[in-house]
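Trainee: After the structure tokens below, expect a handful of questions from me.
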Amino acid sequence: MTSKETSSGKSFSIKNVGWKHSAGTRYVLFLCLAVLFYVSLAPELLPERYNIQVGTHSEKEIRAPMQIPNNKATLKAQEQEAERVQPINTIVTVPNENLVVSILDRIDRLNQDDQVSREDKISIYRLEIPQRAKDFIQNFVNANRSSATYSDKLLDEMLRVTNQQTYKIPEETFIKIPRLTPQDIAEMKPVAREIVSRLTNDQVAEAQAARAKVAELVSASTLSQRTAREVVQELSKLAITANKFYDEEATKEAKVQARENTQTVYIKQGDVLVAKGQLITEDLYNLLDDNGLLKNEVNYWPQLGLLLLSLLMAWGIFLFIRQSDPGKFRYNNAQLLMLVLIFIITVIPMHLAGFLQSNERPYIGYLAPVAIGATLVTLLLDMSLAYFSAMIFSILASVILNVHQGQMFDFSFGFFALIVSAVAIFTIHRASQRSTLLKGGIMVCLFGSLSVFIMALISSGQWNQMQTLYAIGFAFAGGLLTAILAIGLMPFFEVTFGILSALKLVELSNPNHPLLRKLLTETPGTYHHSVMVGNLSEAAAEAIGADGLLCRVGSYYHDIGKTKRPSYFIENQNNMENPHDSIDPKMSKSIIIAHARDGVEMLKEYKIPKPIRDIAEQHHGTTFLQFFYHKALRQAEEQGKEPDFTEEDFRYPGPKAQSKESAVIGIADSVEAAVRSLRNPTVDQVESMIEKIIKSRLDDHQFNDCDLTMKELDIVAKTLKESVMGIFHSRIEYPEEIKKNKTNEDTRRSG
């Protein structure tokens, strides 16, 4: 039992304490934790679904539960981007200069053929030269059909444009061609090649524009013969064709690329999808259906994922608690119930802050007192569990307080929750006064504000200066709220669950407590005895890993029942006769035994927590009042009567010590009384006496109901010996002193 153990007293209506250690109840509580995680995260991770039909009016306003894609708007944006794509023209490199040279070569050969009449030559030129130009382009197209340089559609477009822009040579040119001499043609070839090559090196979409420049170039050439110049001009115009053509496939590919590069249009989280009373059109229905917001087709995978996540977090807490104390489960079910309540208390403010948040005011989430859970777990249960719980709280905060669209977790809030929770644990894990909680809250304020400032610096540009100041202010206020809630909730848990926290123990140890003042004023001997027992038991308990503070405070109250009949207890009998000398030993036994029961009643009356009442009730266990038993036997013998009692009648009613703390206090109680009864105790006497007391209780089976081990009993004996020698140092004689005193005494006697 620790100082944070719960009570099954009037705080609960459940009378049967068996539920506290029931394995079934334990698993139900962890299942409740998993359900809490699921319910807390579902609104953020699972969108609400609606049962609506096309043509009906919506009964409620439907908002986007998260950032969702607007497919219709996205398609429209894609088409707009595709329309902005300009037609793509591809340059086809055609060696047109070869065409004009080949035509001149043909003219040269035919002109030198004397067997062909002039009229036939003119007819041949009229038919052959245009056909040669047409065949030249067709052959180029055919040659590139099988290559990967140009697509078939581009080549077809080239044929179409070329045919459309074919140049028609004037009739008089054909008449002049036969007049050309071989010398003329030789001079014409380089000029024609240069003109055609120069004009087709540029991008030519309209051949007519390029052909308009031919006359100027011919005039600037070296040709002087008029006929030659006219023929070169006409043949060059024929050879010049367009080389810039509309590329349909490239244009289509560019449009496809433009559509793919268009950013998806999203409906922001919280935007109204359907207003209340709005008619559900086909487009609205499809929008809701595409984003899984209708009940007609339920996707169970997200629910399964969230369920597994919730079970994983609950199972993690279960394993951590079980592994932290191998061999047994560390906490009883009442404490686990308290843990569930702490998680609920922590999650609710997160949802309240999340409700007040918006994209314009994301900093409101820092107002949530996310450190309250870690604070309460530290004060009421255990620091190591608090650190593990802090990680769970960080996950919950990063989801519940997330305002970023398109992502599941918000690192900023998760980091903030982890920092403030860790600071709270570190600051208050040894809290002994209520004011420590306020100091811890101030530390949470400072480090929470610092963490927010750090995140603002890292993500510069996300917030402006005013938003950053607001975030820091809300984080500071959240720390103060954490301290206020901790101070306000601690009494609730202490009273409802009978929790005996370190803060409560320190309050109960205050000498101004009514019971301790009563003990001091009415039974000063018992008060001094209780303080001594507290010193001894605290040292022994801490040596074996038990709760030393509980032992100290429990010792202060363990003999409070003696205040009802103080004069019947030897430590209060100063300068007076012992009342037990004049009353029946059975009556003495009843008075002595009653102080444990009376103490429990008084502690209940003053609402002292159950662990301290248990110590008052159990510190004597079922030990035997040997002195009064033998006194009763002697009286019976003197009166010549048979004893009408047994040893069991002279035992404390118990129960035996149920915890290490009760057992240690019982041993320390006996040791302190025994040492006080010795006039000049020696170290050997103290050591022997402690061993005798422990062995006597061990042989009497007083430790059967608690989990003290033999090794721990040895540690207790050693620690008590050291503590007794420290407390009663001036009264205990060490072996060297004993020998020296004996020598001096012998010297005096011989003198």
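By order in the structure tokens, chains are A, B, ...; within a chain, residues start at 1; ligands start at 1, following the order shown.
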Skipping near chain neighbours, those fewer than 5 positions away, what residues fall within 9 Å of A:Gly478 using only C-alpha atoms, listed as a list of chain:residue names?

Mentor: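 Residues meeting the cut-off are A:Tyr366, A:Leu367, A:Ala368, A:Pro369, A:Val370, A:Ala371, A:Gly441, A:Val444, A:Cys445, A:Gly448, A:Gly473, A:Ala483.
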
Trainee: Check the DSSP output for the backbone and give back, as number ranges by chain, the residues of stretch 501-539 of chain A in helix (DSSP H, G or I).

Mentor: A: 502-508, 514-522, 524-539

Trainee: Fewer than 6 positions away in the same chain doesn't count, so skip those; otherwise give me all residues within 7 Å of stretch 560-563 of chain A, counting only C-alpha atoms, as a PyMOL selection string.

Mentor: chain A and resi 519+522-523+595-596+598-599

Trainee: Find the spatial neighbours of stretch 548-556 of chain A, counting only C-alpha atoms, within a cut-off of 6 Å - ignore same-chain residues fewer than 4 positions away - and output them as a PyMOL selection string.

Mentor: chain A and resi 3+509+530+533-534+537-538+541-542+612+661

Trainee: Excluding stretch 279-288 of chain A and any residue of its chain fewer than 6 positions from it, enumerate the residues within 7 Å of it, using only C-alpha atoms, and give them as a list in words.

Mentor: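 Listing them by chain and then by number gives Gln53, Val54, Gly55, Thr56, His57, Ser58 and Leu294 of chain A.
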
Trainee: Output the selection as a short mmCIF file (atom, residue, chain, number, x, y, z; two decimals), in the first residue's frame - C-alpha atoms for each residue.

Mentor:
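What follows is the written file again_22.cif:
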data_model
loop_
_atom_site.label_atom_id
_atom_site.label_comp_id
_atom_site.auth_asym_id
_atom_site.auth_seq_id
_atom_site.Cartn_x
_atom_site.Cartn_y
_atom_site.Cartn_z
CA GLN A 53 -31.47 12.11 -51.07
CA VAL A 54 -31.46 14.13 -54.27
CA GLY A 55 -34.45 16.48 -54.51
CA THR A 56 -34.96 16.76 -50.75
CA HIS A 57 -34.19 19.68 -48.49
CA SER A 58 -31.39 19.32 -45.97
CA LEU A 294 -23.33 9.86 -46.97
#

Trainee: Using only C-alpha atoms, which residues sit within 8 Å of stretch 360-364 of chain A once same-chain residues fewer than 3 positions away are excluded, as a list in words?

Mentor: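 In the requested format, the answer is Ala353, Gly354, Leu356, Gln357, Leu367, Ala368, Val403, Gln467, Tyr470, Ala471 and Phe474 of chain A.
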
Trainee: Restricting the calculation to only C-alpha atoms, which member of A:Arg84, A:Arg198, A:Lys268, A:His619 is positioned closest to A:Lys255?

Mentor: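 Going through A:Arg84, A:Arg198, A:Lys268, A:His619 one by one, the smallest distance to A:Lys255 is for A:Arg84.
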
Trainee: Restricting the calculation to only C-alpha atoms, which member of A:Gly525, A:Pro655, A:Gly726, A:Gly316 is positioned closest to A:Phe703?

Mentor: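 Going through A:Gly525, A:Pro655, A:Gly726, A:Gly316 one by one, the smallest distance to A:Phe703 is for A:Pro655.
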
Trainee: How far is it from atom CA of A:Asp202 to atom CA of A:Ala228, in Å with one decimal?

Mentor: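 Result for atom CA of A:Asp202 versus atom CA of A:Ala228: 25.5 Å, one decimal.
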
Trainee: Taking into account only C-alpha atoms, which residue in the set A:Ala212, A:Ile195, A:Ile727, A:Leu311 is nearest to A:Tyr38?

Mentor: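 Using only C-alpha atoms, the shortest distance to A:Tyr38 belongs to A:Leu311.
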
Trainee: Would you mind listing what lies within 12 Å of stretch 243-252 of chain A as an MDAnalysis selection string, with only C-alpha atoms counted and same-chain residues fewer than 2 positions away left out?

Mentor: chainID A and resid 82:96 137 150:162 165 197 199:207 210 239:241 254:259

Trainee: I need the strand (DSSP E) residues of stretch 66-120 of chain A per DSSP on the backbone, written as a PyMOL selection string.

Mentor: chain A and resi 68-69+89-91
